[in-house]
Structures are given as structure tokens and as C-alpha cells.
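Chemist: Pasting coords19.csv here (CSV, C-alpha atoms):
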chain,number,residue,atom,x,y,z
A,178,MET,CA,21.1,-27.1,-43.3
A,179,ALA,CA,20.6,-30.7,-42.9
A,180,GLU,CA,20.3,-32.5,-39.5
A,181,PRO,CA,23.5,-33.9,-38.0
A,182,MET,CA,24.6,-37.4,-38.7
A,183,LYS,CA,24.9,-40.0,-36.0
A,184,ILE,CA,28.3,-41.6,-36.3
A,185,ARG,CA,29.9,-44.3,-34.2
A,186,ALA,CA,33.5,-45.5,-34.6
A,187,THR,CA,35.0,-48.2,-32.5
A,188,THR,CA,38.4,-49.8,-32.8
A,189,VAL,CA,38.8,-53.5,-32.1
A,190,GLY,CA,42.3,-54.9,-32.7
A,191,ASP,CA,43.7,-53.2,-35.8
A,192,SER,CA,40.3,-52.6,-37.4
A,193,THR,CA,38.0,-49.6,-36.9
A,194,GLU,CA,34.3,-50.1,-37.6
A,195,VAL,CA,32.4,-47.0,-38.6
A,196,LYS,CA,28.6,-46.8,-38.6
A,197,VAL,CA,26.8,-43.8,-39.9
A,198,LEU,CA,23.2,-42.8,-39.9
A,199,MET,CA,22.5,-39.8,-42.0
A,200,ASN,CA,19.4,-37.7,-42.0
A,201,HIS,CA,18.2,-37.2,-45.5
A,202,GLU,CA,14.9,-37.5,-47.4
A,203,MET,CA,16.4,-39.4,-50.3
A,204,GLU,CA,13.5,-38.6,-52.6
A,205,THR,CA,13.7,-40.7,-55.8
A,206,GLY,CA,12.0,-38.5,-58.3
A,207,GLN,CA,9.6,-41.3,-59.1
A,208,ARG,CA,6.9,-40.2,-56.7
A,209,LYS,CA,4.0,-37.8,-57.4
A,210,ASP,CA,2.3,-35.6,-54.9
A,211,ALA,CA,-1.4,-35.3,-54.3
A,212,GLN,CA,-1.8,-33.0,-57.2
A,213,GLY,CA,-0.1,-35.4,-59.5
A,214,ASN,CA,3.1,-33.4,-59.9
A,215,ALA,CA,6.3,-35.3,-59.9
A,216,VAL,CA,8.3,-34.8,-56.6
A,217,PRO,CA,11.8,-33.8,-57.7
A,218,ALA,CA,14.6,-36.1,-56.9
A,219,TRP,CA,16.6,-35.1,-53.8
A,220,PHE,CA,19.3,-37.5,-52.7
A,221,ILE,CA,22.8,-37.8,-51.4
A,222,GLN,CA,25.2,-38.2,-54.3
A,223,THR,CA,28.6,-38.5,-52.8
A,224,VAL,CA,29.8,-39.6,-49.4
A,225,THR,CA,33.4,-39.3,-48.2
A,226,ALA,CA,35.0,-40.7,-45.1
A,227,THR,CA,38.4,-39.5,-43.9
A,228,HIS,CA,40.6,-40.5,-41.1
A,229,ASN,CA,43.5,-38.2,-40.2
A,230,GLY,CA,43.1,-36.5,-43.6
A,231,ARG,CA,43.3,-39.8,-45.5
A,232,THR,CA,40.3,-40.9,-47.4
A,233,VAL,CA,39.1,-44.3,-46.2
A,234,LEU,CA,36.0,-44.5,-48.2
A,235,SER,CA,34.4,-42.6,-51.0
A,236,ALA,CA,31.0,-43.5,-52.3
A,237,GLN,CA,28.6,-42.4,-55.0
A,238,TRP,CA,25.0,-43.0,-54.4
A,239,GLY,CA,21.9,-43.1,-56.5
A,240,THR,CA,18.3,-42.6,-55.6
A,241,ALA,CA,17.9,-46.3,-54.6
A,242,ILE,CA,19.6,-45.7,-51.2
A,243,ALA,CA,16.9,-45.8,-48.5
A,244,LYS,CA,15.7,-42.7,-46.6
A,245,ASN,CA,17.9,-41.7,-43.7
A,246,PRO,CA,20.8,-43.7,-45.1
A,247,PHE,CA,22.8,-46.2,-43.1
A,248,LEU,CA,26.3,-47.0,-43.9
A,249,SER,CA,28.8,-49.3,-42.2
A,250,PHE,CA,32.4,-50.1,-43.2
A,251,ARG,CA,35.7,-51.0,-41.6
A,252,PHE,CA,39.2,-49.7,-42.1
A,253,LYS,CA,42.7,-50.4,-40.7
A,254,GLY,CA,45.0,-48.0,-39.0
A,255,GLY,CA,42.5,-46.2,-36.8
A,256,ALA,CA,43.4,-45.7,-33.1
A,257,LYS,CA,41.4,-44.6,-30.1
A,258,GLY,CA,41.2,-40.8,-29.9
A,259,ASP,CA,41.6,-40.3,-33.7
A,260,LYS,CA,39.0,-38.5,-35.5
A,261,VAL,CA,36.9,-39.8,-38.4
A,262,GLN,CA,35.1,-37.3,-40.6
A,263,ILE,CA,32.1,-38.1,-42.8
A,264,ALA,CA,31.0,-35.7,-45.4
A,265,TRP,CA,28.1,-35.9,-47.9
A,266,THR,CA,26.9,-33.8,-50.8
A,267,ASP,CA,23.4,-34.0,-52.3
A,268,ASN,CA,22.1,-33.2,-55.7
A,269,ARG,CA,20.9,-29.8,-54.6
A,270,GLY,CA,24.5,-29.0,-53.6
A,271,ASP,CA,23.7,-29.1,-49.9
A,272,LYS,CA,26.6,-30.4,-47.8
A,273,ARG,CA,27.1,-31.8,-44.3
A,274,THR,CA,30.2,-32.8,-42.5
A,275,ASP,CA,30.3,-34.4,-39.1
A,276,GLU,CA,33.2,-35.7,-37.0
A,277,VAL,CA,33.5,-38.4,-34.4
A,278,VAL,CA,36.3,-39.5,-32.0
A,279,ILE,CA,37.1,-43.2,-32.3
A,280,SER,CA,36.3,-45.1,-29.1
B,39,MET,CA,-1.7,-44.6,-53.8
B,40,SER,CA,-4.1,-45.9,-56.4
B,41,THR,CA,-3.2,-48.7,-58.7
B,42,THR,CA,-4.1,-46.6,-61.7
B,43,ARG,CA,-1.5,-44.1,-60.9
B,44,ARG,CA,1.1,-46.8,-60.5
B,45,ASP,CA,0.0,-48.2,-63.9
B,46,ALA,CA,0.2,-44.8,-65.4
B,47,LEU,CA,3.8,-44.5,-64.2
B,48,LYS,CA,4.7,-47.8,-65.7
B,49,THR,CA,3.0,-47.5,-69.0
B,50,GLY,CA,3.2,-43.7,-69.4
B,51,GLY,CA,6.4,-44.1,-71.4
B,52,GLY,CA,10.0,-43.7,-70.2
B,53,VAL,CA,10.4,-40.6,-72.4
B,54,THR,CA,7.7,-38.6,-70.7
B,55,LEU,CA,9.0,-39.6,-67.3
B,56,LEU,CA,12.6,-38.7,-68.2
B,57,ALA,CA,11.5,-35.3,-69.5
B,58,LEU,CA,9.5,-34.7,-66.3
B,59,LEU,CA,12.5,-35.7,-64.2
B,60,ALA,CA,14.8,-33.4,-66.2
B,61,ALA,CA,12.3,-30.5,-65.8
B,62,ALA,CA,11.9,-31.2,-62.2
B,63,GLY,CA,15.6,-30.8,-61.5
B,64,TRP,CA,16.9,-34.3,-61.6
B,65,ILE,CA,19.6,-33.2,-63.9
B,66,THR,CA,21.5,-30.4,-62.3
B,67,PRO,CA,24.8,-28.9,-63.3
B,68,GLY,CA,27.5,-30.7,-61.5
B,69,ASN,CA,30.3,-28.3,-62.1
B,70,ALA,CA,30.2,-26.9,-58.6
B,71,ARG,CA,30.8,-30.3,-57.0
B,72,ALA,CA,34.3,-31.3,-55.8
B,73,GLN,CA,33.7,-35.0,-56.5
B,74,ALA,CA,32.3,-36.1,-59.8
B,75,TRP,CA,29.2,-38.1,-59.7
B,76,ASN,CA,28.9,-40.7,-62.4
B,77,LYS,CA,25.7,-39.5,-64.0
B,78,GLY,CA,25.8,-42.0,-66.9
B,79,ALA,CA,26.2,-45.0,-64.6
B,80,PHE,CA,23.4,-43.9,-62.3
B,81,GLU,CA,21.0,-43.2,-65.1
B,82,ALA,CA,21.7,-46.4,-67.1
B,83,LYS,CA,18.7,-48.7,-67.2
B,84,SER,CA,20.2,-52.1,-68.1
B,85,LEU,CA,23.0,-54.2,-66.6
B,86,ASP,CA,25.1,-53.8,-69.7
B,87,ASP,CA,24.7,-50.0,-69.9
B,88,THR,CA,25.6,-49.7,-66.2
B,89,LEU,CA,28.7,-51.9,-66.6
B,90,LYS,CA,29.7,-49.8,-69.6
B,91,ALA,CA,29.3,-46.6,-67.7
B,92,LEU,CA,31.3,-47.9,-64.8
B,93,GLY,CA,34.0,-48.8,-67.2
B,94,GLY,CA,33.8,-52.6,-66.8
B,95,GLY,CA,33.6,-55.3,-69.4
B,96,ALA,CA,31.9,-58.6,-68.8
B,97,PRO,CA,32.2,-59.5,-65.1
B,98,ALA,CA,33.1,-63.0,-64.0
B,99,GLN,CA,30.8,-64.9,-61.6
B,100,SER,CA,32.6,-65.2,-58.3
B,101,LYS,CA,32.0,-67.2,-55.2
B,102,ASP,CA,34.4,-64.8,-53.3
B,103,VAL,CA,31.8,-62.1,-53.4
B,104,THR,CA,29.1,-62.7,-50.8
B,105,PHE,CA,26.1,-61.0,-49.4
B,106,VAL,CA,26.2,-60.6,-45.6
B,107,SER,CA,23.2,-59.7,-43.4
B,108,THR,CA,21.0,-59.5,-46.4
B,109,PRO,CA,17.5,-60.9,-46.2
B,110,ASP,CA,15.9,-63.4,-48.6
B,111,ILE,CA,12.6,-61.7,-48.2
B,112,ALA,CA,12.2,-58.0,-47.5
B,113,GLU,CA,8.9,-57.0,-45.9
B,114,ASN,CA,9.4,-53.4,-46.7
B,115,GLY,CA,11.0,-52.5,-50.0
B,116,ALA,CA,11.7,-49.0,-48.8
B,117,VAL,CA,14.4,-50.2,-46.4
B,118,VAL,CA,16.3,-53.3,-47.5
B,119,PRO,CA,19.6,-54.0,-45.7
B,120,ILE,CA,22.3,-55.1,-48.0
B,121,GLY,CA,25.8,-56.1,-47.1
B,122,VAL,CA,28.5,-57.1,-49.5
B,123,ALA,CA,31.8,-58.7,-48.7
B,124,SER,CA,34.6,-59.4,-51.1
B,125,ALA,CA,37.3,-62.0,-50.4
B,126,ILE,CA,39.2,-61.0,-53.6
B,127,PRO,CA,42.6,-59.4,-53.0
B,128,LYS,CA,43.0,-55.8,-54.1
B,129,THR,CA,39.4,-55.1,-54.1
B,130,GLU,CA,39.1,-51.5,-55.4
B,131,SER,CA,35.4,-50.9,-55.5
B,132,ILE,CA,32.0,-52.4,-54.7
B,133,ALA,CA,28.8,-51.5,-56.5
B,134,ILE,CA,25.3,-52.5,-55.7
B,135,LEU,CA,22.9,-53.0,-58.6
B,136,ILE,CA,19.2,-53.8,-58.4
B,137,GLU,CA,17.9,-55.3,-61.6
B,138,LYS,CA,14.3,-54.2,-61.5
B,139,ASN,CA,14.7,-50.7,-60.1
B,140,PRO,CA,14.1,-47.8,-62.6
B,141,ASN,CA,17.8,-47.2,-62.5
B,142,MET,CA,19.9,-50.3,-61.7
B,143,LEU,CA,22.9,-48.8,-59.9
B,144,ALA,CA,22.2,-48.0,-56.3
B,145,ALA,CA,25.6,-47.3,-55.0
B,146,ASN,CA,29.3,-47.5,-55.8
B,147,PHE,CA,31.9,-47.5,-53.1
B,148,ASP,CA,35.5,-46.9,-53.7
B,149,LEU,CA,37.8,-48.6,-51.2
B,150,PRO,CA,41.3,-47.3,-50.8
B,151,SER,CA,43.8,-49.9,-49.6
B,152,GLY,CA,43.5,-50.4,-45.8
B,153,THR,CA,39.7,-50.3,-46.0
B,154,ASP,CA,38.0,-53.7,-45.5
B,155,PRO,CA,36.1,-54.8,-48.7
B,156,THR,CA,33.0,-55.2,-46.6
B,157,ILE,CA,30.2,-52.6,-46.9
B,158,SER,CA,26.7,-52.5,-45.6
B,159,THR,CA,23.9,-50.1,-46.3
B,160,ARG,CA,20.2,-49.9,-46.8
B,161,VAL,CA,18.5,-49.6,-50.2
B,162,LYS,CA,15.1,-49.2,-51.7
B,163,MET,CA,13.6,-51.8,-54.0
B,164,ALA,CA,10.6,-51.3,-56.3
B,165,GLN,CA,9.8,-55.0,-56.5
B,166,THR,CA,11.2,-58.5,-56.1
B,167,SER,CA,14.4,-58.5,-58.0
B,168,ASN,CA,17.9,-59.9,-58.4
B,169,VAL,CA,20.5,-57.8,-56.6
B,170,TYR,CA,24.0,-57.8,-58.0
B,171,ALA,CA,27.2,-57.0,-56.2
B,172,LEU,CA,29.8,-55.9,-58.6
B,173,VAL,CA,33.4,-55.9,-57.4
B,174,LYS,CA,36.3,-54.4,-59.1
B,175,ALA,CA,39.6,-56.0,-58.0
B,176,ASP,CA,43.0,-55.4,-59.6
B,177,GLY,CA,41.3,-54.0,-62.7
B,178,LYS,CA,39.0,-57.0,-63.2
B,179,TYR,CA,35.3,-57.2,-62.5
B,180,TYR,CA,33.5,-59.9,-60.5
B,181,VAL,CA,29.8,-60.3,-59.8
B,182,ALA,CA,27.5,-62.2,-57.5
B,183,SER,CA,23.8,-62.1,-57.4
B,184,LYS,CA,21.0,-62.8,-55.0
B,185,GLU,CA,17.3,-62.6,-55.4
B,186,ILE,CA,15.5,-60.6,-52.7
B,187,LYS,CA,11.7,-61.0,-52.5
B,188,VAL,CA,9.9,-57.8,-51.7
B,189,THR,CA,6.4,-57.9,-50.3
B,190,LEU,CA,5.8,-54.1,-50.3
B,191,GLY,CA,7.5,-51.9,-52.9
B,192,GLY,CA,9.8,-49.0,-52.0
B,193,CYS,CA,9.2,-46.7,-54.9
B,194,GLY,CA,6.1,-44.4,-54.9
B,195,GLY,CA,4.1,-43.6,-51.8
Please lay out the structure from this file as C-alpha cells.

Modeler:
Amino acid sequence: MAEPMKIRATTVGDSTEVKVLMNHEMETGQRKDAQGNAVPAWFIQTVTATHNGRTVLSAQWGTAIAKNPFLSFRFKGGAKGDKVQIAWTDNRGDKRTDEVVIS
Amino acid sequence: MSTTRRDALKTGGGVTLLALLAAAGWITPGNARAQAWNKGAFEAKSLDDTLKALGGGAPAQSKDVTFVSTPDIAENGAVVPIGVASAIPKTESIAILIEKNPNMLAANFDLPSGTDPTISTRVKMAQTSNVYALVKADGKYYVASKEIKVTLGGCGG
């Protein structure tokens, strides 16, 4: 199981800013190890953010996203105390979902 | 990381590399996934192919698509912050494409209504390259580009 994400969500006015820091190797598949064998690609493919059950962002990622990915976006309609949920799936089928309360 | 290995990667032929990647598990069955991952778009190697796979025709250059908090020169290609903002109404999705990466498409964000068309993330860049922000708004495609100079590549160790 992957390490938890760090998520921060803050509401200013009518807009909620969400910042996410995920823990993931994001291996490109381009690299070779010391023996010259290709290191298989291992990366997050889909990311979904939901607020009160409504999807506020869905993303598809390739291998070009940096290691331990950072993501920031804003949406309208969030209120203090609401929950924002971030979920990702990688190309090995591993999943991780984390939740944060908007402050 | 020796230069010969890097050269071998470059000149070794795309076919061999692709075969290696396939064998190494790059291509995995996606049936189990709830959300479809656009394999064709992420494996496309040219701007035209990527656009085709994303379902877009020829995008129009737009000044309403801007890069925010994006450097002109990235010291480390492994971590390049990229922010894209769109001022076009009804922006539906934002894609980030890096011209000289092995696969151009880095990320594609779908933005439901109510989500600000402003996204920032961090990407890897193999070398100095043009970066494109492709915005889909109201069924039409718009594009903006910016050159980011990379002093140290992000692909390979």
C-alpha cells in the first residue's frame, strides 16, 4: 500500500484551493538499472477529486509527471468543514484514497 | 549514467525500446480500471498524433491560455513546475504536452463546471523543449506554447 497523500484544502471567498502532494515513484520506463535491464514503468494514471460526492477534477497522467507528484487546483462551492477526497490509481492497479476537511 | 548508455537509448531504435517496454509491463490490461486511461494519447509521439488521440482537430493559438508560475529555465528537468490558466469560457479540459519528451502528453485534466480552469503540477522534461498547453473549451481546441530550457535532464538516472 502506498504512503498517504498530503492534502490541504482552504476556502477563501467562494473558491476552495486544493493542494495535493502524493507519494509515488513515477518510474518512466525509460531508465535502466545497473545491469542494463529496463526499469518497468510505474506511474499514476488517473486522479480523481471529489467534493461531497461530486467530481471536481479528474485527471489522466502519463509518465512525464514528476516523482512524488504535486497537484493544485481550485473549485467553487466548497465550505469549511466539507470533505474533499482525492483518489489515484497507478498502472499496476494500486490505489490510494485520502480525505481532508476544508479549513 | 554514462553517455554511451544515453546514446544507445537514443539510437537503439524506437521499435526495440517499445518492445522492451511492452515486455516490461508498460502495457497492462486496463479492464479492471474504473476510469479509462487514454492509452493512445499517452503513447503518441508527435503533436498531431496526440491531438488526434485526444479527439481534437487543429487547435487555434490563443492568448487566453497562459502559463503561470512556470520557469523559463528549469535547473532540474526531473521537477519542472508547470501551471496553466485558461481565460476561455466553458473550459472543459487542459492538457500539458512536452514536445521533446519520448511521449508528448504529460497530463490531461478534465474540469467539470465549477472548477477553476487553473491547474498546476510538476512534470519531468528530458531536455529543453517547447511545452504546449492544450485547452478544450466548448468543443473547440486552443493552444499556447512556451519554451522551457532544461539544464539537467529528467529522464534516465

Chemist: Do a neighbour search on Val173 (chain B) at 9 Å with all atoms listed in the file, toss out local chain neighbours closer than 2 positions, and write the hits as an MDAnalysis selection string.

Modeler: chainID B and resid 97 103 124 126 129:134 171 175 178:182

Chemist: Applying 12 Å and only C-alpha atoms, which residues near Val261 (chain A) remain after dropping the ones on its own chain fewer than 2 positions away? List them as a PyMOL selection string.

Modeler: chain A and resi 184-188+193-197+225-234+251-252+254-259+263-264+274-280

Chemist: Can you check which residues of chain A have any atom within 8 Å of chain B? Use only C-alpha atoms and format it as a ChimeraX atom specification.

Modeler: /A:205-209,215-219,222-223,232-244,246-254,268-270

Chemist: Please produce a file of the residues just selected, as a short mmCIF file (atom, residue, chain, number, x, y, z; two decimals), in the coordinates of the input, where the atoms kept are C-alpha atoms.

Modeler:
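To be explicit, this is the file written out as again02.cif:
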data_model
loop_
_atom_site.label_atom_id
_atom_site.label_comp_id
_atom_site.auth_asym_id
_atom_site.auth_seq_id
_atom_site.Cartn_x
_atom_site.Cartn_y
_atom_site.Cartn_z
CA THR A 205 13.70 -40.70 -55.80
CA GLY A 206 12.00 -38.50 -58.30
CA GLN A 207 9.60 -41.30 -59.10
CA ARG A 208 6.90 -40.20 -56.70
CA LYS A 209 4.00 -37.80 -57.40
CA ALA A 215 6.30 -35.30 -59.90
CA VAL A 216 8.30 -34.80 -56.60
CA PRO A 217 11.80 -33.80 -57.70
CA ALA A 218 14.60 -36.10 -56.90
CA TRP A 219 16.60 -35.10 -53.80
CA GLN A 222 25.20 -38.20 -54.30
CA THR A 223 28.60 -38.50 -52.80
CA THR A 232 40.30 -40.90 -47.40
CA VAL A 233 39.10 -44.30 -46.20
CA LEU A 234 36.00 -44.50 -48.20
CA SER A 235 34.40 -42.60 -51.00
CA ALA A 236 31.00 -43.50 -52.30
CA GLN A 237 28.60 -42.40 -55.00
CA TRP A 238 25.00 -43.00 -54.40
CA GLY A 239 21.90 -43.10 -56.50
CA THR A 240 18.30 -42.60 -55.60
CA ALA A 241 17.90 -46.30 -54.60
CA ILE A 242 19.60 -45.70 -51.20
CA ALA A 243 16.90 -45.80 -48.50
CA LYS A 244 15.70 -42.70 -46.60
CA PRO A 246 20.80 -43.70 -45.10
CA PHE A 247 22.80 -46.20 -43.10
CA LEU A 248 26.30 -47.00 -43.90
CA SER A 249 28.80 -49.30 -42.20
CA PHE A 250 32.40 -50.10 -43.20
CA ARG A 251 35.70 -51.00 -41.60
CA PHE A 252 39.20 -49.70 -42.10
CA LYS A 253 42.70 -50.40 -40.70
CA GLY A 254 45.00 -48.00 -39.00
CA ASN A 268 22.10 -33.20 -55.70
CA ARG A 269 20.90 -29.80 -54.60
CA GLY A 270 24.50 -29.00 -53.60
#

Chemist: What is the CA of Lys184 (chain B) to CA of Ala125 (chain B) distance in Å?

Modeler: 17.0 Å

Chemist: Measure the distance from CA of Thr104 (chain B) to CA of Ala123 (chain B) in Å and round it to one decimal.

Modeler: 5.3 Å

Chemist: In Å, rounded to a single decimal, give me how far CA of Ile221 (chain A) is from CA of Glu202 (chain A).

Modeler: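 If I compute the distance from CA of Glu202 (chain A) to CA of Ile221 (chain A), I get 8.9 Å.
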
Chemist: Would you mind telling me which residue in B:Ala91, B:Ile111, B:Val122, B:Ala82 lies nearest to Ser167 (chain B) when using only C-alpha atoms?

Modeler: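 Ranked by minimum distance to Ser167 (chain B), first place goes to B:Ile111.
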
Chemist: Can you find the residues with an atom no farther than 7 Å from (18.9, -62.3, -53.2), counting all atoms listed in the file, and report them as a PyMOL selection string?

Modeler: chain B and resi 110+168-169+183-186

Chemist: May I have the residues from that selection written out with C-alpha atoms, as a compact mmCIF listing (two decimals), in the frame of the given file?

Modeler:
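Just written: part-v1.txt:
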# COMPACT_ATOMS: atom_id res chain seq x y z
CA ASP B 110 15.90 -63.40 -48.60
CA ASN B 168 17.90 -59.90 -58.40
CA VAL B 169 20.50 -57.80 -56.60
CA SER B 183 23.80 -62.10 -57.40
CA LYS B 184 21.00 -62.80 -55.00
CA GLU B 185 17.30 -62.60 -55.40
CA ILE B 186 15.50 -60.60 -52.70
